>>> print(open('input_29.cif').read())   # mmCIF, C-alpha atoms
data_structure
loop_
_atom_site.label_atom_id
_atom_site.label_comp_id
_atom_site.auth_asym_id
_atom_site.auth_seq_id
_atom_site.Cartn_x
_atom_site.Cartn_y
_atom_site.Cartn_z
CA MET A 786 -16.06 16.37 -47.91
CA THR A 787 -17.73 19.63 -47.02
CA ASP A 788 -15.67 22.52 -45.61
CA ASP A 789 -17.36 22.01 -42.26
CA THR A 790 -16.42 18.34 -42.15
CA GLU A 791 -12.85 19.11 -43.19
CA ARG A 792 -12.54 21.73 -40.46
CA HIS A 793 -13.96 19.31 -37.91
CA ASN A 794 -11.64 16.49 -38.95
CA ALA A 795 -8.58 18.76 -38.89
CA LYS A 796 -9.56 19.95 -35.41
CA MET A 797 -9.99 16.38 -34.15
CA ALA A 798 -6.67 15.29 -35.70
CA LYS A 799 -4.98 18.17 -33.87
CA LYS A 800 -6.68 17.18 -30.61
CA LYS A 801 -5.58 13.61 -31.05
CA ALA A 802 -1.97 14.63 -31.75
CA ALA A 803 -1.95 16.88 -28.68
CA ARG A 804 -3.43 14.14 -26.55
CA ASP A 805 -1.04 11.47 -27.85
CA LYS A 806 1.89 13.79 -27.09
CA ILE A 807 0.70 14.37 -23.54
CA MET A 808 -0.04 10.69 -22.92
CA ALA A 809 3.46 9.70 -24.11
CA THR A 810 4.90 11.63 -21.16
CA LYS A 811 2.81 9.61 -18.70
CA THR A 812 4.98 6.62 -18.13
CA GLU A 813 5.09 6.08 -14.40
CA GLU A 814 3.04 3.42 -12.65
CA LYS A 815 2.49 3.74 -8.96
CA GLY A 816 0.00 3.03 -6.25
CA LEU A 817 -2.19 6.06 -5.77
CA VAL A 818 -3.80 7.64 -2.76
CA ILE A 819 -7.27 8.50 -4.02
CA VAL A 820 -9.80 10.66 -2.13
CA HIS A 821 -13.51 11.01 -2.95
CA THR A 822 -15.21 13.73 -0.94
CA GLY A 823 -17.93 16.38 -1.18
CA LYS A 824 -21.64 16.52 -0.45
CA GLY A 825 -22.72 15.02 -3.75
CA LYS A 826 -23.52 11.42 -4.51
CA GLY A 827 -21.13 8.94 -6.09
CA LYS A 828 -18.24 8.96 -3.62
CA SER A 829 -18.72 5.35 -2.57
CA SER A 830 -20.21 4.06 -5.81
CA ALA A 831 -17.31 5.47 -7.86
CA ALA A 832 -14.92 3.79 -5.44
CA PHE A 833 -16.81 0.51 -5.73
CA GLY A 834 -16.66 0.98 -9.51
CA MET A 835 -12.85 0.94 -9.21
CA ILE A 836 -13.03 -2.16 -7.01
CA PHE A 837 -15.09 -3.85 -9.74
CA ARG A 838 -12.49 -2.77 -12.31
CA CYS A 839 -9.81 -4.43 -10.17
CA ILE A 840 -11.91 -7.58 -9.92
CA ALA A 841 -12.33 -7.54 -13.70
CA HIS A 842 -8.53 -7.36 -14.09
CA ASP A 843 -7.97 -10.15 -11.54
CA MET A 844 -6.24 -7.72 -9.20
CA PRO A 845 -6.79 -8.83 -5.59
CA CYS A 846 -8.39 -6.06 -3.56
CA ALA A 847 -10.14 -5.35 -0.28
CA VAL A 848 -12.85 -3.16 1.21
CA VAL A 849 -13.23 -1.90 4.77
CA GLN A 850 -16.54 -0.19 5.52
CA PHE A 851 -15.98 2.24 8.38
CA ILE A 852 -19.46 3.56 8.95
CA LYS A 853 -22.17 2.04 6.84
CA GLY A 854 -21.99 -1.34 8.50
CA GLY A 855 -25.59 -1.30 9.60
CA MET A 856 -26.87 -1.02 6.04
CA SER A 857 -26.88 -3.97 3.72
CA THR A 858 -25.52 -2.52 0.52
CA GLY A 859 -25.96 -4.05 -2.88
CA GLU A 860 -22.25 -3.89 -3.52
CA ARG A 861 -21.45 -5.94 -0.46
CA ASP A 862 -23.92 -8.66 -1.44
CA LEU A 863 -22.56 -8.72 -4.97
CA ILE A 864 -18.92 -8.94 -3.88
CA LEU A 865 -19.57 -11.52 -1.17
CA GLY A 866 -21.83 -13.52 -3.48
CA HIS A 867 -19.64 -13.58 -6.57
CA PHE A 868 -16.13 -12.32 -5.94
CA ALA A 869 -15.24 -13.18 -2.36
CA ASP A 870 -12.10 -14.92 -3.67
CA LYS A 871 -10.84 -11.69 -5.29
CA CYS A 872 -12.00 -9.06 -2.86
CA ALA A 873 -11.90 -9.25 0.94
CA PHE A 874 -14.80 -7.42 2.53
CA HIS A 875 -14.85 -6.16 6.11
CA THR A 876 -17.71 -4.26 7.63
CA MET A 877 -16.55 -2.71 10.88
CA GLY A 878 -18.97 0.10 11.63
CA GLU A 879 -22.53 -0.38 12.80
CA GLY A 880 -24.47 2.17 10.83
CA PHE A 881 -24.07 5.91 10.74
CA THR A 882 -22.78 7.41 13.93
CA TRP A 883 -26.01 9.25 14.64
CA GLU A 884 -27.78 5.90 14.75
CA THR A 885 -25.77 4.63 17.72
CA GLN A 886 -25.38 7.41 20.30
CA ASP A 887 -22.50 5.64 21.94
CA LYS A 888 -19.29 7.53 21.34
CA SER A 889 -16.93 5.14 23.08
CA ARG A 890 -18.24 2.19 21.07
CA ASP A 891 -17.99 4.23 17.86
CA ILE A 892 -14.35 5.02 18.64
CA GLU A 893 -13.63 1.37 19.35
CA MET A 894 -15.25 0.32 16.04
CA ALA A 895 -13.39 2.97 14.08
CA GLN A 896 -10.07 1.96 15.64
CA ALA A 897 -10.71 -1.71 14.89
CA ALA A 898 -11.55 -0.82 11.29
CA TRP A 899 -8.36 1.22 11.00
CA ALA A 900 -6.28 -1.64 12.39
CA LYS A 901 -7.85 -3.97 9.78
CA ALA A 902 -7.23 -1.36 7.07
CA LYS A 903 -3.52 -1.15 7.92
CA GLU A 904 -3.21 -4.92 7.89
CA LEU A 905 -4.86 -5.14 4.44
CA ILE A 906 -2.74 -2.33 3.00
CA LEU A 907 0.49 -3.87 4.32
CA ASP A 908 -0.42 -7.16 2.63
CA GLU A 909 1.13 -6.55 -0.79
CA THR A 910 -1.07 -9.09 -2.54
CA ASN A 911 -3.82 -6.44 -2.34
CA ARG A 912 -3.54 -4.07 -5.29
CA MET A 913 -6.31 -1.75 -4.09
CA VAL A 914 -7.79 -1.18 -0.64
CA LEU A 915 -10.98 0.85 -0.29
CA LEU A 916 -11.55 2.57 3.06
CA ASP A 917 -15.21 3.40 2.65
CA GLU A 918 -16.49 6.38 4.69
CA ILE A 919 -13.23 6.63 6.65
CA ASN A 920 -13.37 10.42 6.21
CA ILE A 921 -16.37 10.56 8.57
CA ALA A 922 -14.50 8.61 11.26
CA ILE A 923 -11.50 10.91 10.80
CA ARG A 924 -13.69 13.98 10.90
CA TYR A 925 -15.14 12.98 14.29
CA ASP A 926 -11.54 12.35 15.43
CA TYR A 927 -12.33 8.68 16.03
CA ILE A 928 -9.15 8.13 14.01
CA ASP A 929 -6.23 10.56 14.09
CA VAL A 930 -5.68 12.15 10.69
CA ALA A 931 -1.95 12.59 11.38
CA GLU A 932 -1.61 8.86 11.94
CA VAL A 933 -3.44 8.07 8.68
CA VAL A 934 -1.32 10.52 6.70
CA ASP A 935 1.89 9.22 8.24
CA PHE A 936 0.94 5.60 7.55
CA LEU A 937 0.03 6.28 3.91
CA ARG A 938 3.25 8.25 3.33
CA THR A 939 5.69 5.91 5.02
CA GLN A 940 4.20 2.42 5.13
CA LYS A 941 1.88 2.00 2.13
CA PRO A 942 3.53 -0.38 -0.38
CA PRO A 943 4.45 1.70 -3.45
CA MET A 944 2.23 -0.19 -5.92
CA THR A 945 -0.91 -0.35 -3.76
CA HIS A 946 -3.84 1.97 -4.48
CA VAL A 947 -5.71 3.20 -1.40
CA VAL A 948 -9.09 4.86 -1.85
CA LEU A 949 -10.58 6.95 0.98
CA THR A 950 -14.18 8.11 0.75
CA GLY A 951 -16.61 10.25 2.71
CA ARG A 952 -17.60 13.87 2.95
CA ASN A 953 -15.51 16.47 4.76
CA ALA A 954 -12.14 14.93 3.91
CA LYS A 955 -9.52 16.69 5.98
CA GLU A 956 -7.18 19.04 4.15
CA GLU A 957 -4.12 17.06 5.34
CA LEU A 958 -5.46 14.03 3.48
CA ILE A 959 -6.17 15.91 0.25
CA GLU A 960 -2.64 17.32 0.43
CA ILE A 961 -1.04 13.88 0.23
CA ALA A 962 -3.57 12.49 -2.28
CA ASP A 963 -2.49 11.77 -5.86
CA LEU A 964 -6.06 11.96 -7.09
CA ALA A 965 -8.82 13.82 -5.30
CA THR A 966 -12.35 14.40 -6.49
CA GLU A 967 -15.07 16.50 -4.93
CA MET A 968 -18.56 15.27 -5.70
CA GLU A 969 -20.67 18.40 -5.68
CA LEU A 970 -24.41 18.22 -5.27
CA LEU A 971 -26.23 20.06 -8.03
CA LYS A 972 -29.67 18.54 -7.43
CA HIS A 973 -31.08 15.89 -5.10
CA PRO A 974 -34.46 14.12 -5.31
CA PHE A 975 -34.91 14.03 -1.50
CA ARG A 976 -35.71 17.73 -1.82
CA SER A 977 -38.86 16.89 -3.71
CA GLY A 978 -39.98 14.09 -1.36
CA VAL A 979 -38.53 11.09 -3.16
CA LYS A 980 -37.24 8.37 -0.85
CA ALA A 981 -34.00 6.37 -1.04
CA GLN A 982 -34.41 3.67 -3.68
CA ALA A 983 -32.80 0.32 -4.52
CA GLY A 984 -30.19 0.59 -7.23
CA VAL A 985 -29.70 4.31 -6.66
CA GLU A 986 -28.95 4.75 -2.97
CA PHE A 987 -28.31 1.20 -1.82
CA MET B 536 -20.47 8.60 31.54
CA THR B 537 -18.30 11.70 31.35
CA ASP B 538 -19.86 15.08 30.55
CA ASP B 539 -18.20 15.04 27.17
CA THR B 540 -19.66 11.65 26.29
CA GLU B 541 -23.10 12.71 27.51
CA ARG B 542 -22.96 15.85 25.38
CA HIS B 543 -21.87 13.83 22.36
CA ASN B 544 -24.61 11.24 22.85
CA ALA B 545 -27.30 13.89 23.28
CA LYS B 546 -26.09 15.61 20.10
CA MET B 547 -26.18 12.35 18.16
CA ALA B 548 -29.66 11.49 19.49
CA LYS B 549 -30.88 14.90 18.31
CA LYS B 550 -29.28 14.34 14.88
CA LYS B 551 -30.94 10.96 14.60
CA ALA B 552 -34.35 12.37 15.56
CA ALA B 553 -33.99 15.18 12.99
CA ARG B 554 -32.92 12.73 10.32
CA ASP B 555 -35.71 10.26 11.09
CA LYS B 556 -38.24 13.10 10.86
CA ILE B 557 -36.91 14.21 7.48
CA MET B 558 -36.74 10.65 6.10
CA ALA B 559 -40.37 10.00 7.12
CA THR B 560 -41.47 12.68 4.65
CA LYS B 561 -39.67 10.90 1.79
CA THR B 562 -42.28 8.45 0.66
CA GLU B 563 -42.38 8.68 -3.11
CA GLU B 564 -40.74 6.13 -5.38
CA LYS B 565 -40.09 7.11 -8.94
CA GLY B 566 -37.70 6.57 -11.76
CA LEU B 567 -35.03 9.25 -11.67
CA VAL B 568 -33.15 11.14 -14.32
CA ILE B 569 -29.60 11.18 -12.97
CA VAL B 570 -26.74 13.24 -14.43
CA HIS B 571 -23.03 12.85 -13.62
CA THR B 572 -20.92 15.62 -15.07
CA GLY B 573 -17.81 17.72 -14.34
CA LYS B 574 -14.11 17.41 -15.09
CA GLY B 575 -13.35 15.13 -12.17
CA LYS B 576 -13.11 11.37 -12.16
CA GLY B 577 -15.89 9.03 -11.08
CA LYS B 578 -18.70 10.00 -13.45
CA SER B 579 -18.78 6.63 -15.22
CA SER B 580 -17.55 4.51 -12.33
CA ALA B 581 -20.23 5.91 -9.98
CA ALA B 582 -22.82 5.14 -12.66
CA PHE B 583 -21.45 1.61 -13.05
CA GLY B 584 -21.60 1.35 -9.27
CA MET B 585 -25.36 1.95 -9.51
CA ILE B 586 -25.64 -0.65 -12.28
CA PHE B 587 -23.90 -3.13 -9.97
CA ARG B 588 -26.36 -2.20 -7.22
CA CYS B 589 -29.24 -2.98 -9.59
CA ILE B 590 -27.62 -6.29 -10.52
CA ALA B 591 -27.27 -7.06 -6.80
CA HIS B 592 -31.00 -6.38 -6.33
CA ASP B 593 -31.97 -8.48 -9.37
CA MET B 594 -33.25 -5.39 -11.15
CA PRO B 595 -32.83 -5.82 -14.92
CA CYS B 596 -30.77 -2.98 -16.37
CA ALA B 597 -28.88 -1.91 -19.46
CA VAL B 598 -25.84 0.08 -20.53
CA VAL B 599 -25.20 1.94 -23.77
CA GLN B 600 -21.66 3.23 -24.21
CA PHE B 601 -21.78 6.24 -26.52
CA ILE B 602 -18.13 7.09 -26.85
CA LYS B 603 -15.74 4.76 -25.13
CA GLY B 604 -16.38 1.84 -27.46
CA GLY B 605 -12.79 1.55 -28.57
CA MET B 606 -11.55 0.93 -25.03
CA SER B 607 -12.04 -2.40 -23.36
CA THR B 608 -13.22 -1.40 -19.93
CA GLY B 609 -13.08 -3.64 -16.92
CA GLU B 610 -16.74 -3.02 -16.20
CA ARG B 611 -17.79 -4.28 -19.60
CA ASP B 612 -15.80 -7.49 -19.23
CA LEU B 613 -17.21 -8.04 -15.75
CA ILE B 614 -20.82 -7.49 -16.80
CA LEU B 615 -20.54 -9.53 -19.99
CA GLY B 616 -18.66 -12.27 -18.16
CA HIS B 617 -20.88 -12.61 -15.11
CA PHE B 618 -24.15 -10.73 -15.41
CA ALA B 619 -25.11 -10.70 -19.08
CA ASP B 620 -28.50 -12.15 -18.10
CA LYS B 621 -29.26 -9.17 -15.85
CA CYS B 622 -27.67 -6.29 -17.73
CA ALA B 623 -27.75 -5.72 -21.48
CA PHE B 624 -24.56 -4.09 -22.71
CA HIS B 625 -24.25 -2.16 -25.97
CA THR B 626 -21.11 -0.45 -27.13
CA MET B 627 -21.96 1.86 -29.98
CA GLY B 628 -19.11 4.35 -30.19
CA GLU B 629 -15.65 3.55 -31.46
CA GLY B 630 -13.39 5.33 -29.06
CA PHE B 631 -13.21 8.97 -28.18
CA THR B 632 -14.19 11.27 -31.00
CA TRP B 633 -10.68 12.68 -31.36
CA GLU B 634 -9.47 9.18 -32.16
CA THR B 635 -11.60 8.86 -35.31
CA GLN B 636 -11.49 12.14 -37.27
CA ASP B 637 -14.58 11.22 -39.19
CA LYS B 638 -17.47 13.42 -38.18
CA SER B 639 -20.16 11.83 -40.32
CA ARG B 640 -19.36 8.38 -38.96
CA ASP B 641 -19.33 9.74 -35.40
CA ILE B 642 -22.79 11.23 -35.95
CA GLU B 643 -24.06 7.95 -37.38
CA MET B 644 -22.67 6.03 -34.37
CA ALA B 645 -24.14 8.49 -31.89
CA GLN B 646 -27.53 8.35 -33.57
CA ALA B 647 -27.50 4.55 -33.59
CA ALA B 648 -26.59 4.56 -29.90
CA TRP B 649 -29.43 6.98 -29.15
CA ALA B 650 -31.91 4.80 -31.06
CA LYS B 651 -30.77 1.79 -29.01
CA ALA B 652 -31.02 3.87 -25.81
CA LYS B 653 -34.63 4.82 -26.55
CA GLU B 654 -35.52 1.21 -27.26
CA LEU B 655 -34.00 0.05 -23.95
CA ILE B 656 -35.67 2.82 -21.95
CA LEU B 657 -39.08 2.11 -23.50
CA ASP B 658 -38.72 -1.56 -22.51
CA GLU B 659 -40.20 -1.41 -19.01
CA THR B 660 -38.46 -4.56 -17.85
CA ASN B 661 -35.34 -2.39 -17.56
CA ARG B 662 -35.30 -0.65 -14.19
CA MET B 663 -32.17 1.40 -14.94
CA VAL B 664 -30.56 2.40 -18.23
CA LEU B 665 -27.08 3.94 -18.22
CA LEU B 666 -26.21 6.18 -21.16
CA ASP B 667 -22.46 6.34 -20.66
CA GLU B 668 -20.70 9.43 -22.08
CA ILE B 669 -23.84 10.58 -23.90
CA ASN B 670 -23.11 14.14 -22.71
CA ILE B 671 -20.11 14.27 -25.04
CA ALA B 672 -22.21 13.22 -28.03
CA ILE B 673 -24.82 15.83 -27.08
CA ARG B 674 -22.17 18.47 -26.59
CA TYR B 675 -20.85 17.97 -30.12
CA ASP B 676 -24.48 18.14 -31.32
CA TYR B 677 -24.27 14.59 -32.66
CA ILE B 678 -27.53 14.14 -30.75
CA ASP B 679 -30.03 16.96 -30.29
CA VAL B 680 -30.38 17.92 -26.63
CA ALA B 681 -33.98 19.05 -27.15
CA GLU B 682 -34.89 15.61 -28.45
CA VAL B 683 -33.26 13.91 -25.45
CA VAL B 684 -35.00 16.22 -22.97
CA ASP B 685 -38.35 15.76 -24.69
CA PHE B 686 -37.99 11.98 -24.76
CA LEU B 687 -37.05 11.77 -21.08
CA ARG B 688 -39.93 14.05 -20.06
CA THR B 689 -42.67 12.51 -22.14
CA GLN B 690 -41.74 8.92 -22.97
CA LYS B 691 -39.57 7.55 -20.17
CA PRO B 692 -41.61 5.01 -18.16
CA PRO B 693 -42.25 6.56 -14.72
CA MET B 694 -40.38 3.88 -12.71
CA THR B 695 -37.27 3.66 -14.90
CA HIS B 696 -34.03 5.30 -13.77
CA VAL B 697 -31.95 6.82 -16.57
CA VAL B 698 -28.34 7.80 -15.86
CA LEU B 699 -26.51 10.16 -18.24
CA THR B 700 -22.76 10.67 -17.84
CA GLY B 701 -20.01 12.75 -19.37
CA ARG B 702 -18.46 16.14 -18.90
CA ASN B 703 -20.08 19.36 -20.11
CA ALA B 704 -23.66 18.23 -19.54
CA LYS B 705 -25.96 20.76 -21.17
CA GLU B 706 -27.92 23.04 -18.86
CA GLU B 707 -31.22 21.84 -20.36
CA LEU B 708 -30.42 18.32 -19.18
CA ILE B 709 -29.48 19.38 -15.66
CA GLU B 710 -32.74 21.33 -15.49
CA ILE B 711 -34.85 18.20 -15.96
CA ALA B 712 -32.62 15.95 -13.81
CA ASP B 713 -33.86 14.71 -10.44
CA LEU B 714 -30.32 14.10 -9.25
CA ALA B 715 -27.27 15.83 -10.68
CA THR B 716 -23.71 15.61 -9.45
CA GLU B 717 -20.68 17.52 -10.61
CA MET B 718 -17.43 15.63 -10.15
CA GLU B 719 -14.87 18.33 -9.57
CA LEU B 720 -11.19 17.66 -10.07
CA LEU B 721 -9.15 18.61 -7.04
CA LYS B 722 -5.98 16.72 -7.98
CA HIS B 723 -4.97 14.41 -10.81
CA PRO B 724 -1.92 12.13 -11.02
CA PHE B 725 -1.44 12.74 -14.77
CA ARG B 726 -0.07 16.13 -13.72
CA SER B 727 2.87 14.44 -12.10
CA GLY B 728 3.58 12.04 -14.98
CA VAL B 729 1.65 8.99 -13.81
CA LYS B 730 -0.02 7.03 -16.60
CA ALA B 731 -3.52 5.56 -16.76
CA GLN B 732 -3.59 2.37 -14.71
CA ALA B 733 -5.69 -0.79 -14.55
CA GLY B 734 -8.27 -0.67 -11.79
CA VAL B 735 -8.15 3.11 -11.59
CA GLU B 736 -8.79 4.40 -15.10
CA PHE B 737 -9.96 1.28 -16.92
#
>>> encode(input="input_29.cif", output="structure tokens")
Amino acid sequence: MTDDTERHNAKMAKKKAARDKIMATKTEEKGLVIVHTGKGKGKSSAAFGMIFRCIAHDMPCAVVQFIKGGMSTGERDLILGHFADKCAFHTMGEGFTWETQDKSRDIEMAQAAWAKAKELILDETNRMVLLDEINIAIRYDYIDVAEVVDFLRTQKPPMTHVVLTGRNAKEELIEIADLATEMELLKHPFRSGVKAQAGVEF
Amino acid sequence: MTDDTERHNAKMAKKKAARDKIMATKTEEKGLVIVHTGKGKGKSSAAFGMIFRCIAHDMPCAVVQFIKGGMSTGERDLILGHFADKCAFHTMGEGFTWETQDKSRDIEMAQAAWAKAKELILDETNRMVLLDEINIAIRYDYIDVAEVVDFLRTQKPPMTHVVLTGRNAKEELIEIADLATEMELLKHPFRSGVKAQAGVEF
């Protein structure tokens, strides 16, 4: 072995030992409150990625779409077409709020979605419940953030993961989250005139 | 209608008009170079979310895992089990680099993965190719960033989307990306002693 290779291997062995030591302290299993927010892309698709992981592990799960109901997403078709037995799928919204211009109906929709969300979370057979774009409904005060926080803290079954997505997540929600990620936009193709495309945006 | 509702509806109508106007200027379709980087979670799962969107749209696609080969991920099982006809799946690495302590083998693996990646990208039947965790291989200089940038700029078929994930994406790569997102860690459950869990981490 060259000196360089030896140095590299020693460094990697040290990294591995450090990592193994840290990982050995991580012994707890619990249902997490997970928040994906920020202006960047990937908030919903990363959450759907976790739903697909659950499906792969035969963990029953559920999705409530709070806002994007008007759009037919690829994920929805895929779940309904192939995994409807493992993942319940509820689309409660009717497209982005600025598509509807009817505040009272939006509030009604958001409240109905939240009622369905609570029901799915309380059903302990569900190991993960994704509340897609709920942050937008909370941000417009269609759903009271204090009620969401209180429900997640006091009524969520301890082993159930709940994932909440959407930009502008309220601080109160991030405070009670176990895992929170901000997707930050570094570059976006819309800026250079490229339209939304299958596979990427929907 | 109350004044408040009228004001809200007028605001939403204005938002919709502004959005429609902007979207009308987005007419181009092209294959994108997409980068997911940052220390936060969701880089790979958001990319897999896009792969599932492609699968849902019957767009042939492919995945090359550069680093995580040693781990059996839920996504891999799901794709191989259900959608192997739509998505080619190649696992070239053998676990994280600090698990192996053999630099020359790591370089060999990374180079083999890159050769496979080029082959899949050049095959125009693939509409999206995901190079999972390639940024780590590039960061360790197992693969030359200049070669990757040059290949993507000059040889990538114009309609093919290529997604590159992993923390510490090199600046040169972000420069040529059409869409780049930094997943920023706001909170992580490992900090409070919670271990990696099915559905969330794998």
>>> residues_near_point(input="input_29.cif", point="(-3.7, -1.8, 2.2)", cutoff="8 Å", atoms="all atoms listed in the file", output="list in words")
Ala847, Ala902, Lys903, Glu904, Leu905, Ile906, Leu907, Asp908, Glu909, Asn911, Arg912, Met913, Val914, Lys941, Pro942, Thr945, His946 and Val947 of chain A
>>> closest_residue(input="input_29.cif", among="B:Lys638, B:Arg674, B:His625, B:His571", to="A:Glu791", atoms="all atoms listed in the file")
B:Lys638
>>> resolve_selection(input="input_29.cif", expression="the PyMOL selection byres ((chain B) within 7 of (chain A))", output="ChimeraX atom specification")
/B:540,543-544,547-548,550-551,560-564,575-577,580-581,583-589,591-592,609-610,612-613,633-634,636-638,713-725,728-730,734-735,737
>>> residues_around(input="input_29.cif", residues="A:Leu916", least_positions_apart="6", cutoff="7 Å", atoms="all atoms listed in the file", output="list in words")
Val848, Val849, Gln850, Phe851, Val948, Leu949 and Thr950 of chain A
>>> closest_residue(input="input_29.cif", among="B:Leu615, B:Ile678, B:Met694, B:Cys622", to="B:Asp641", atoms="all atoms listed in the file")
B:Ile678
>>> resolve_selection(input="input_29.cif", expression="the PyMOL selection byres ((chain B and resi 682) around 12)", output="list in words")
Gln646, Trp649, Ala650, Lys653, Ile673, Asp676, Tyr677, Ile678, Asp679, Val680, Ala681, Val683, Val684, Asp685, Phe686, Leu687, Arg688, Thr689, Gln690, Glu707 and Leu708 of chain B
>>> closest_residue(input="input_29.cif", among="B:Asp667, B:Pro595, B:Arg640, B:Glu706", to="B:Asp620", atoms="all atoms listed in the file")
B:Pro595
>>> atom_distance(input="input_29.cif", atom1="atom CA of B:Glu643", atom2="atom CA of A:Lys806")
28.5 Å
>>> atom_distance(input="input_29.cif", atom1="atom CA of A:Phe874", atom2="atom CA of B:Leu665")
26.7 Å
>>> atom_distance(input="input_29.cif", atom1="atom CA of A:Gly951", atom2="atom CA of A:Ile892")
16.9 Å
>>> residues_around(input="input_29.cif", residues="B:Met627", least_positions_apart="4", cutoff="9 Å", atoms="all atoms listed in the file", output="PyMOL selection string")
chain B and resi 599-604+644-645+647-648+651
>>> closest_residue(input="input_29.cif", among="A:Thr876, A:Asp788, A:Lys871, A:Tyr925", to="A:Thr910", atoms="only C-alpha atoms")
A:Lys871
